[in-house]
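Trainee: Just so it is clear, I am handing over run20.cif, which has mmCIF, C-alpha atoms.
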```cif
data_data
loop_
_atom_site.group_PDB
_atom_site.id
_atom_site.type_symbol
_atom_site.label_atom_id
_atom_site.label_comp_id
_atom_site.auth_asym_id
_atom_site.auth_seq_id
_atom_site.Cartn_x
_atom_site.Cartn_y
_atom_site.Cartn_z
ATOM 1 C CA MET J 1040 0.000 0.000 0.000
ATOM 2 C CA ARG J 1041 1.287 3.375 -0.854
ATOM 3 C CA ILE J 1042 0.665 6.234 1.498
ATOM 4 C CA ASP J 1043 0.986 9.385 -0.525
ATOM 5 C CA ARG J 1044 1.468 12.568 1.355
ATOM 6 C CA ASP J 1045 -0.691 15.466 0.366
ATOM 7 C CA THR J 1046 1.236 18.073 -1.621
ATOM 8 C CA ALA J 1047 0.597 20.528 1.194
ATOM 9 C CA ALA J 1048 1.813 18.191 3.914
ATOM 10 C CA PRO J 1049 5.208 18.214 5.586
ATOM 11 C CA GLY J 1050 7.447 15.291 4.642
ATOM 12 C CA ASP J 1051 6.779 13.199 7.677
ATOM 13 C CA VAL J 1052 2.990 13.581 7.886
ATOM 14 C CA ALA J 1053 2.326 10.058 6.654
ATOM 15 C CA LEU J 1054 4.724 8.711 9.250
ATOM 16 C CA VAL J 1055 3.125 10.759 12.011
ATOM 17 C CA ASP J 1056 -0.291 9.483 10.963
ATOM 18 C CA LEU J 1057 1.107 5.941 11.043
ATOM 19 C CA LEU J 1058 2.334 6.509 14.598
ATOM 20 C CA ASP J 1059 -1.001 8.025 15.604
ATOM 21 C CA ARG J 1060 -2.777 4.938 14.367
ATOM 22 C CA LEU J 1061 -0.456 2.282 15.715
ATOM 23 C CA LEU J 1062 0.400 3.835 19.068
ATOM 24 C CA ALA J 1063 -2.740 5.762 19.972
ATOM 25 C CA GLY J 1064 -5.289 3.794 17.969
ATOM 26 C CA GLY J 1065 -6.134 0.144 17.723
ATOM 27 C CA VAL J 1066 -8.104 -1.854 20.192
ATOM 28 C CA VAL J 1067 -6.684 -2.242 23.670
ATOM 29 C CA LEU J 1068 -7.240 -5.897 24.365
ATOM 30 C CA MET J 1069 -7.188 -5.825 28.114
ATOM 31 C CA GLY J 1070 -8.302 -3.191 30.575
ATOM 32 C CA ASP J 1071 -4.826 -1.911 31.319
ATOM 33 C CA VAL J 1072 -2.760 -0.117 28.738
ATOM 34 C CA VAL J 1073 -0.195 -2.532 27.351
ATOM 35 C CA ILE J 1074 2.283 0.155 26.395
ATOM 36 C CA SER J 1075 2.881 2.716 29.098
ATOM 37 C CA LEU J 1076 2.941 6.384 28.195
ATOM 38 C CA ALA J 1077 6.696 6.410 28.734
ATOM 39 C CA ASP J 1078 7.134 3.647 26.187
ATOM 40 C CA VAL J 1079 4.992 5.514 23.676
ATOM 41 C CA ASP J 1080 7.054 8.663 24.149
ATOM 42 C CA LEU J 1081 10.264 6.689 23.731
ATOM 43 C CA ILE J 1082 9.005 5.156 20.542
ATOM 44 C CA ARG J 1083 7.973 8.550 19.203
ATOM 45 C CA VAL J 1084 11.307 10.147 20.041
ATOM 46 C CA HIS J 1085 13.215 7.242 18.557
ATOM 47 C CA LEU J 1086 11.206 7.296 15.367
ATOM 48 C CA SER J 1087 11.369 11.075 15.036
ATOM 49 C CA ALA J 1088 15.129 10.744 14.988
ATOM 50 C CA LEU J 1089 14.862 8.278 12.133
ATOM 51 C CA ILE J 1090 12.694 10.514 9.991
ATOM 52 C CA SER J 1091 14.653 12.379 7.358
ATOM 53 C CA SER J 1092 12.487 13.166 4.417
ATOM 54 C CA VAL J 1093 9.587 10.908 3.583
ATOM 55 C CA ASP J 1094 7.828 11.613 0.312
ATOM 56 C CA THR J 1095 5.951 8.393 -0.031
ATOM 57 C CA LEU J 1096 5.872 5.595 2.467
ATOM 58 C CA GLU J 1097 5.670 2.366 0.575
ATOM 59 C CA ILE J 1098 4.627 -0.683 2.517
ATOM 60 C CA PRO J 1099 5.424 -3.701 0.368
ATOM 61 C CA SER J 1100 3.008 -6.554 0.753
ATOM 62 C CA SER J 1101 2.820 -10.078 -0.525
ATOM 63 C CA LYS J 1102 0.422 -9.012 -3.272
ATOM 64 C CA ASP J 1103 0.553 -5.624 -4.869
ATOM 65 C CA SER J 1104 -3.079 -4.635 -4.855
ATOM 66 C CA GLY J 1105 -2.480 -1.100 -6.082
ATOM 67 C CA SER J 1106 -5.453 0.131 -4.081
ATOM 68 C CA ALA J 1107 -6.746 -0.606 -0.634
ATOM 69 C CA MET A 301 4.884 -18.013 25.350
ATOM 70 C CA THR A 302 3.811 -14.393 25.189
ATOM 71 C CA LEU A 303 1.843 -13.633 22.070
ATOM 72 C CA TRP A 304 1.957 -10.487 19.973
ATOM 73 C CA VAL A 305 -1.479 -9.594 18.622
ATOM 74 C CA TYR A 306 -2.141 -7.940 15.269
ATOM 75 C CA GLY A 307 -5.892 -7.800 15.252
ATOM 76 C CA VAL A 308 -9.246 -9.508 15.356
ATOM 77 C CA VAL A 309 -10.666 -11.078 12.211
ATOM 78 C CA GLU A 310 -13.422 -13.379 11.060
ATOM 79 C CA PRO A 311 -13.119 -16.966 12.254
ATOM 80 C CA GLY A 312 -11.089 -19.159 9.962
ATOM 81 C CA SER A 313 -9.539 -16.236 8.071
ATOM 82 C CA GLN A 314 -6.560 -17.080 5.916
ATOM 83 C CA LEU A 315 -3.200 -15.980 7.286
ATOM 84 C CA PRO A 316 -1.159 -13.571 5.165
ATOM 85 C CA ASP A 317 1.998 -14.982 3.650
ATOM 86 C CA LEU A 318 4.175 -12.529 5.547
ATOM 87 C CA PRO A 319 6.592 -12.583 8.435
ATOM 88 C CA GLY A 320 5.448 -10.946 11.617
ATOM 89 C CA VAL A 321 7.294 -8.551 13.886
ATOM 90 C CA ALA A 322 10.839 -9.811 14.521
ATOM 91 C CA ASP A 323 10.307 -12.348 11.735
ATOM 92 C CA ALA A 324 7.969 -14.481 13.819
ATOM 93 C CA THR A 325 5.499 -16.807 12.148
ATOM 94 C CA LEU A 326 1.888 -15.693 12.078
ATOM 95 C CA ARG A 327 -0.815 -17.914 13.428
ATOM 96 C CA ARG A 328 -4.474 -17.692 14.234
ATOM 97 C CA VAL A 329 -6.310 -18.249 17.496
ATOM 98 C CA ASP A 330 -9.957 -19.137 16.965
ATOM 99 C CA ALA A 331 -12.464 -18.144 19.635
ATOM 100 C CA GLY A 332 -15.859 -19.019 18.261
ATOM 101 C CA GLU A 333 -17.342 -15.962 16.590
ATOM 102 C CA VAL A 334 -14.042 -14.215 15.971
ATOM 103 C CA SER A 335 -10.360 -15.030 15.687
ATOM 104 C CA ALA A 336 -7.130 -13.250 16.492
ATOM 105 C CA VAL A 337 -3.981 -13.159 14.391
ATOM 106 C CA VAL A 338 -0.914 -13.512 16.567
ATOM 107 C CA CYS A 339 2.732 -14.560 16.623
ATOM 108 C CA ASP A 340 5.314 -15.285 19.289
ATOM 109 C CA ALA A 341 6.206 -11.954 20.841
ATOM 110 C CA PRO A 342 9.755 -10.611 21.025
ATOM 111 C CA GLU A 343 11.076 -10.004 24.524
ATOM 112 C CA ASP A 344 10.395 -6.250 24.522
ATOM 113 C CA VAL A 345 8.225 -4.023 22.386
ATOM 114 C CA PRO A 346 10.565 -3.162 19.516
ATOM 115 C CA ALA A 347 10.755 0.506 18.586
ATOM 116 C CA GLU A 348 12.421 0.511 15.188
ATOM 117 C CA LEU A 349 10.454 1.878 12.281
ATOM 118 C CA ALA A 350 10.938 -1.464 10.533
ATOM 119 C CA ASP A 351 9.054 -3.182 13.351
ATOM 120 C CA LEU A 352 6.105 -0.829 13.153
ATOM 121 C CA LEU A 353 6.044 -1.306 9.405
ATOM 122 C CA ALA A 354 6.133 -5.088 9.822
ATOM 123 C CA HIS A 355 3.094 -4.870 12.100
ATOM 124 C CA GLU A 356 1.318 -2.509 9.717
ATOM 125 C CA ARG A 357 2.106 -4.739 6.747
ATOM 126 C CA VAL A 358 0.368 -7.670 8.448
ATOM 127 C CA VAL A 359 -2.661 -5.589 9.418
ATOM 128 C CA GLU A 360 -2.987 -4.256 5.875
ATOM 129 C CA ALA A 361 -2.781 -7.758 4.442
ATOM 130 C CA LEU A 362 -5.569 -8.773 6.818
ATOM 131 C CA LEU A 363 -7.573 -5.763 5.668
ATOM 132 C CA ALA A 364 -7.165 -6.780 2.040
ATOM 133 C CA ALA A 365 -8.769 -10.136 2.843
ATOM 134 C CA GLY A 366 -11.671 -9.068 5.054
ATOM 135 C CA PRO A 367 -12.721 -6.972 8.030
ATOM 136 C CA VAL A 368 -10.132 -6.492 10.771
ATOM 137 C CA LEU A 369 -10.101 -4.750 14.145
ATOM 138 C CA PRO A 370 -6.460 -3.694 14.363
ATOM 139 C CA ALA A 371 -4.824 -4.106 17.755
ATOM 140 C CA ARG A 372 -2.716 -1.332 19.172
ATOM 141 C CA TYR A 373 0.959 -1.783 18.360
ATOM 142 C CA GLY A 374 2.622 -3.687 21.151
ATOM 143 C CA SER A 375 -0.493 -5.536 22.279
ATOM 144 C CA ARG A 376 0.564 -8.738 23.964
ATOM 145 C CA LEU A 377 -1.229 -11.480 25.831
ATOM 146 C CA PRO A 378 0.294 -14.229 27.977
ATOM 147 C CA ASP A 379 -0.873 -17.181 25.876
ATOM 148 C CA GLU A 380 -3.578 -18.566 23.593
ATOM 149 C CA ALA A 381 -5.933 -19.203 26.508
ATOM 150 C CA ALA A 382 -5.750 -15.518 27.379
ATOM 151 C CA VAL A 383 -6.532 -14.604 23.764
ATOM 152 C CA VAL A 384 -9.618 -16.804 23.848
ATOM 153 C CA ARG A 385 -10.675 -15.291 27.188
ATOM 154 C CA VAL A 386 -10.391 -11.767 25.805
ATOM 155 C CA LEU A 387 -12.315 -12.598 22.633
ATOM 156 C CA THR A 388 -15.118 -14.183 24.634
ATOM 157 C CA ASP A 389 -15.222 -11.552 27.371
ATOM 158 C CA GLY A 390 -18.693 -10.311 26.511
ATOM 159 C CA ARG A 391 -17.635 -7.283 24.522
ATOM 160 C CA HIS A 392 -19.329 -7.018 21.154
ATOM 161 C CA TRP A 393 -16.475 -8.283 19.009
ATOM 162 C CA PRO A 394 -18.591 -9.675 16.159
ATOM 163 C CA SER A 395 -20.638 -6.502 15.685
ATOM 164 C CA ALA A 396 -17.494 -4.372 15.914
ATOM 165 C CA LEU A 397 -16.062 -6.464 13.098
ATOM 166 C CA GLU A 398 -19.249 -6.056 11.096
ATOM 167 C CA GLN A 399 -19.106 -2.298 11.551
ATOM 168 C CA VAL A 400 -15.772 -2.092 9.730
ATOM 169 C CA ARG A 401 -16.567 -4.550 6.952
ATOM 170 C CA GLY A 402 -15.740 -3.033 3.561
ATOM 171 C CA ARG A 403 -14.518 0.159 5.222
ATOM 172 C CA VAL A 404 -11.191 1.895 5.685
ATOM 173 C CA GLU A 405 -9.904 4.824 7.682
ATOM 174 C CA LEU A 406 -8.830 8.210 6.367
ATOM 175 C CA ALA A 407 -6.763 10.524 8.560
ATOM 176 C CA VAL A 408 -7.106 14.297 8.255
ATOM 177 C CA ARG A 409 -5.133 17.124 9.816
ATOM 178 C CA ALA A 410 -6.454 20.636 9.563
ATOM 179 C CA ALA A 411 -5.514 24.135 10.618
ATOM 180 C CA TRP A 412 -6.229 27.674 9.536
ATOM 181 C CA ARG A 413 -3.444 28.987 7.357
ATOM 182 C CA GLY A 414 -2.509 32.335 8.813
ATOM 183 C CA ALA A 415 -5.250 34.171 10.708
ATOM 184 C CA VAL A 416 -8.817 32.905 10.695
ATOM 185 C CA PRO A 417 -10.463 34.674 7.722
ATOM 186 C CA ALA A 418 -12.717 37.592 8.658
ATOM 187 C CA THR A 419 -15.715 35.819 7.137
ATOM 188 C CA GLU A 420 -15.205 32.959 9.552
ATOM 189 C CA ARG A 421 -14.945 34.961 12.715
ATOM 190 C CA THR A 422 -17.871 35.394 15.048
ATOM 191 C CA GLN A 423 -19.323 38.747 15.965
ATOM 192 C CA GLU A 424 -17.223 41.033 18.096
ATOM 193 C CA PRO A 425 -18.488 41.168 21.698
ATOM 194 C CA ALA A 426 -20.852 44.072 22.361
ATOM 195 C CA ALA A 427 -19.157 47.278 23.386
ATOM 196 C CA GLY A 428 -19.436 48.232 27.024
ATOM 197 C CA THR A 429 -19.382 44.700 28.353
ATOM 198 C CA GLY A 430 -16.679 45.672 30.766
ATOM 199 C CA THR A 431 -14.137 48.301 31.458
ATOM 200 C CA ALA A 432 -11.206 45.989 32.140
ATOM 201 C CA THR A 433 -8.314 46.351 29.744
ATOM 202 C CA GLY A 434 -4.754 45.157 29.797
ATOM 203 C CA PRO A 435 -2.998 41.789 29.675
ATOM 204 C CA GLY A 436 -5.714 39.827 31.517
ATOM 205 C CA ARG A 437 -8.425 40.734 29.103
ATOM 206 C CA ALA A 438 -6.107 40.376 26.140
ATOM 207 C CA PHE A 439 -5.234 36.868 27.321
ATOM 208 C CA LEU A 440 -8.899 35.918 27.613
ATOM 209 C CA GLU A 441 -9.622 37.356 24.208
ATOM 210 C CA ARG A 442 -6.793 35.333 22.694
ATOM 211 C CA LEU A 443 -8.156 32.194 24.335
ATOM 212 C CA ALA A 444 -11.605 32.960 23.022
ATOM 213 C CA ALA A 445 -10.227 33.591 19.534
ATOM 214 C CA ARG A 446 -8.347 30.281 19.547
ATOM 215 C CA SER A 447 -11.336 28.301 20.739
ATOM 216 C CA ASP A 448 -13.526 30.084 18.228
ATOM 217 C CA ALA A 449 -11.044 29.238 15.488
ATOM 218 C CA GLN A 450 -11.256 25.578 16.431
ATOM 219 C CA VAL A 451 -15.047 25.615 16.401
ATOM 220 C CA ARG A 452 -14.968 27.202 12.945
ATOM 221 C CA LEU A 453 -12.434 24.641 11.772
ATOM 222 C CA ARG A 454 -14.621 21.831 12.948
ATOM 223 C CA GLU A 455 -17.587 23.287 11.086
ATOM 224 C CA ARG A 456 -15.560 23.938 7.952
ATOM 225 C CA VAL A 457 -13.627 20.680 7.682
ATOM 226 C CA HIS A 458 -15.067 17.999 9.942
ATOM 227 C CA ALA A 459 -18.755 18.577 9.195
ATOM 228 C CA PRO A 460 -18.631 17.922 5.425
ATOM 229 C CA LEU A 461 -16.270 14.958 5.833
ATOM 230 C CA ALA A 462 -18.356 13.370 8.581
ATOM 231 C CA GLU A 463 -21.352 13.547 6.231
ATOM 232 C CA VAL A 464 -19.682 11.112 3.832
ATOM 233 C CA ALA A 465 -18.213 8.834 6.509
ATOM 234 C CA ALA A 466 -19.883 5.939 8.302
ATOM 235 C CA ASP A 467 -18.273 7.080 11.531
ATOM 236 C CA ALA A 468 -15.949 9.875 12.519
ATOM 237 C CA VAL A 469 -13.803 11.145 15.361
ATOM 238 C CA TRP A 470 -12.498 14.719 15.650
ATOM 239 C CA ARG A 471 -10.011 16.187 18.037
ATOM 240 C CA ASP A 472 -9.711 19.952 18.188
ATOM 241 C CA GLY A 473 -6.271 21.367 17.614
ATOM 242 C CA ARG A 474 -4.617 24.099 19.612
ATOM 243 C CA GLY A 475 -4.210 27.677 18.635
ATOM 244 C CA ALA A 476 -5.695 29.829 15.921
ATOM 245 C CA ASP A 477 -3.440 28.866 13.016
ATOM 246 C CA GLU A 478 -1.020 26.200 11.808
ATOM 247 C CA SER A 479 1.765 27.248 14.149
ATOM 248 C CA ASP A 480 0.302 25.069 16.873
ATOM 249 C CA GLU A 481 -1.110 21.576 16.956
ATOM 250 C CA PRO A 482 -3.529 20.856 14.102
ATOM 251 C CA ALA A 483 -7.009 19.496 14.552
ATOM 252 C CA ARG A 484 -7.243 15.812 13.703
ATOM 253 C CA GLY A 485 -10.082 13.857 12.169
ATOM 254 C CA SER A 486 -10.382 10.125 11.616
ATOM 255 C CA TYR A 487 -13.063 8.882 9.261
ATOM 256 C CA LEU A 488 -14.435 5.376 8.747
ATOM 257 C CA VAL A 489 -15.313 5.307 5.068
ATOM 258 C CA ASP A 490 -16.917 2.785 2.722
ATOM 259 C CA ARG A 491 -14.278 1.741 0.197
ATOM 260 C CA GLY A 492 -16.563 2.998 -2.553
ATOM 261 C CA LYS A 493 -16.580 6.490 -1.030
ATOM 262 C CA VAL A 494 -12.846 6.879 -0.496
ATOM 263 C CA ALA A 495 -12.289 8.730 -3.766
ATOM 264 C CA ARG A 496 -15.075 11.176 -2.903
ATOM 265 C CA MET A 497 -13.603 11.828 0.535
ATOM 266 C CA GLN A 498 -10.168 12.390 -0.961
ATOM 267 C CA GLU A 499 -11.648 14.832 -3.491
ATOM 268 C CA LEU A 500 -13.393 16.686 -0.656
ATOM 269 C CA CYS A 501 -10.093 16.904 1.218
ATOM 270 C CA SER A 502 -8.288 18.103 -1.902
ATOM 271 C CA SER A 503 -10.759 20.927 -2.482
ATOM 272 C CA LEU A 504 -10.540 21.946 1.170
ATOM 273 C CA ALA A 505 -6.760 21.835 0.895
ATOM 274 C CA GLU A 506 -6.877 24.125 -2.126
ATOM 275 C CA GLU A 507 -8.511 26.931 -0.197
ATOM 276 C CA PRO A 508 -5.853 29.517 0.595
ATOM 277 C CA GLY A 509 -7.129 29.988 4.171
ATOM 278 C CA LEU A 510 -6.985 26.312 5.086
ATOM 279 C CA SER A 511 -4.214 23.799 5.605
ATOM 280 C CA VAL A 512 -5.617 20.294 5.178
ATOM 281 C CA THR A 513 -3.807 17.014 4.715
ATOM 282 C CA CYS A 514 -5.321 13.599 4.199
ATOM 283 C CA THR A 515 -3.529 10.274 4.450
ATOM 284 C CA GLY A 516 -4.789 6.758 3.965
ATOM 285 C CA PRO A 517 -6.563 4.507 3.376
ATOM 286 C CA TRP A 518 -5.566 3.027 6.709
ATOM 287 C CA PRO A 519 -6.898 -0.030 8.486
ATOM 288 C CA PRO A 520 -9.609 1.141 10.905
ATOM 289 C CA TYR A 521 -7.396 1.680 13.977
ATOM 290 C CA SER A 522 -9.632 4.445 15.306
ATOM 291 C CA PHE A 523 -12.801 2.384 15.019
ATOM 292 C CA SER A 524 -11.641 -0.938 16.352
ATOM 293 C CA SER A 525 -12.971 -0.935 19.918
ATOM 294 C CA PRO A 526 -15.917 -3.204 20.568
ATOM 295 C CA GLY A 527 -18.755 -1.834 22.644
ATOM 296 C CA GLY A 528 -20.078 -3.575 25.692
ATOM 297 C CA ALA A 529 -18.420 -4.246 28.988
ATOM 298 C CA PRO A 530 -16.053 -7.150 29.560
#
```
Let me see the structure of the file written as structure tokens.
Mentor:
Amino acid sequence: MRIDRDTAAPGDVALVDLLDRLLAGGVVLMGDVVISLADVDLIRVHLSALISSVDTLEIPSSKDSGSA
Amino acid sequence: MTLWVYGVVEPGSQLPDLPGVADATLRRVDAGEVSAVVCDAPEDVPAELADLLAHERVVEALLAAGPVLPARYGSRLPDEAAVVRVLTDGRHWPSALEQVRGRVELAVRAAWRGAVPATERTQEPAAGTGTATGPGRAFLERLAARSDAQVRLRERVHAPLAEVAADAVWRDGRGADESDEPARGSYLVDRGKVARMQELCSSLAEEPGLSVTCTGPWPPYSFSSPGGAP
């Protein structure tokens, strides 16, 4: 799946949206939060350091569907 | 063995032909009306981008094959018995799955570009409402302007997008323009309406007074919680 950033978006918007989904979204299976807030912050800081310039974020999959 | 969980799917769903996080092998845990896709969990929650992408890759492959309730990244359960217990805990897993069938998520960020346009501002407060001047009043007026800007943004961007979506979540941003945190919307959209939503976002983005970005389609992370109490 290709995540294309909007032409008006900063380079890492797609990545930030990915983080928003994975770390702050998704069902929490049990009552308590599995990842503590500190862990989430660490992951965000770590990943921010990895971001240089992301035009398109291509996630290769076993079959190239071309559209979701 | 601790299990890493990717999401909840229909019972008997086919497993994607992909490695999981830390190259683990995917497997399925069936629990009657729903199933979970899992793998052996690594010792800690890995924080490399490659690991997040591996998780996302699996979830997207699941999405391509049918409805999925994506689990939060890092979700782990002690063993298969625990997975079954969670999936049969009385929460409405099957109807939550049904709610996302054939639907994807679009993520929107929005802010006013520069000052809120005059046409969007509310009326000025009536003259003579108070004699106080100075930094206190100025502070309150700035607060009011920012909150007003967010209300206007919600009306301008969220309202038309929510019309097209099956479900929607909006979080106000901070501030009166794009220098602070943007407002964020998540929209659960029928696959057949994705193009229309993206066109709507594009035309909003083209307005000189608005800064709007739209990414996706995403798996429905923001719409994956089942109702009901465990």
Trainee: Would you give me, as a Markdown table, each residue of region 378-492 of chain A having an atom within 8 Å of an atom of region 307-331 of chain A, along with its shortest atom pair and that distance in Å to one decimal, using all atoms listed in the file and sorting by chain and residue number?
Mentor:
```
| residue | atom | partner | partner_atom | distance |
| --- | --- | --- | --- | --- |
| A:Glu380 | CA | A:Val329 | CA | 6.7 |
| A:Val383 | CA | A:Val329 | CA | 7.3 |
| A:Val384 | CA | A:Ala331 | CA | 5.3 |
| A:Leu387 | CA | A:Ala331 | CA | 6.3 |
| A:Thr388 | CA | A:Ala331 | CA | 6.9 |
| A:Leu397 | CA | A:Val309 | CA | 7.2 |
```
Trainee: Specify as a ChimeraX atom specification each residue included when the PyMOL selection byres ((chain A) within 8 of (chain J)) is applied to this file.
Mentor: /A:316-318,347-349,352-353,356-357,360-361,364,369-376,386,407,491,505,511-517,520-526
Trainee: Report the distance between CA of Pro346 (chain A) and CA of Val1055 (chain J) in Å, rounded to one decimal place.
Mentor: 17.5 Å
Trainee: One decimal, Å: what's the distance from CA of Ala476 (chain A) over to CA of Glu441 (chain A), could you say?
Mentor: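 Between CA of Ala476 (chain A) and CA of Glu441 (chain A) the gap works out to 11.9 Å.
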Trainee: What does the distance from CA of Ala445 (chain A) to CA of Glu478 (chain A) come to in Å, to one decimal?
Mentor: 14.1 Å
Trainee: Could you spell out the hits of the PyMOL selection byres ((chain A and resi 500) around 12) on the shown file, as a list in words?
Mentor: Leu406, Val408, Arg456, Val457, His458, Ala459, Pro460, Leu461, Ala462, Glu463, Val464, Ala465, Lys493, Val494, Ala495, Arg496, Met497, Gln498, Glu499, Cys501, Ser502, Ser503, Leu504, Ala505, Glu506, Glu507, Val512, Thr513 and Cys514 of chain A
Trainee: Could you list, as a list in words, every residue matched by the PyMOL selection byres ((chain A and resi 302) around 8) in this structure?
Mentor: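 So the PyMOL selection byres ((chain A and resi 302) around 8) ends up selecting Met301, Leu303, Trp304, Asp340, Ala341, Arg376, Leu377, Pro378 and Asp379 of chain A.
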Trainee: Atoms to include: C-alpha atoms. Write the selected residues as an mmCIF file, in the frame of the given file.
Mentor:
```
data_model
loop_
_atom_site.group_PDB
_atom_site.id
_atom_site.type_symbol
_atom_site.label_atom_id
_atom_site.label_comp_id
_atom_site.auth_asym_id
_atom_site.auth_seq_id
_atom_site.Cartn_x
_atom_site.Cartn_y
_atom_site.Cartn_z
ATOM 1 C CA MET A 301 4.884 -18.013 25.350
ATOM 2 C CA LEU A 303 1.843 -13.633 22.070
ATOM 3 C CA TRP A 304 1.957 -10.487 19.973
ATOM 4 C CA ASP A 340 5.314 -15.285 19.289
ATOM 5 C CA ALA A 341 6.206 -11.954 20.841
ATOM 6 C CA ARG A 376 0.564 -8.738 23.964
ATOM 7 C CA LEU A 377 -1.229 -11.480 25.831
ATOM 8 C CA PRO A 378 0.294 -14.229 27.977
ATOM 9 C CA ASP A 379 -0.873 -17.181 25.876
#
```
Trainee: Taking all atoms of region 347-364 of chain A that appear in the file, build a box with edges along x, y and z, extend it by 6 Å on every side, and state its centre and edge lengths in Å to one decimal, as JSON.
Mentor:
```
{"center_x": 2.4, "center_y": -3.4, "center_z": 10.3, "size_x": 32.0, "size_y": 22.7, "size_z": 28.5}
```
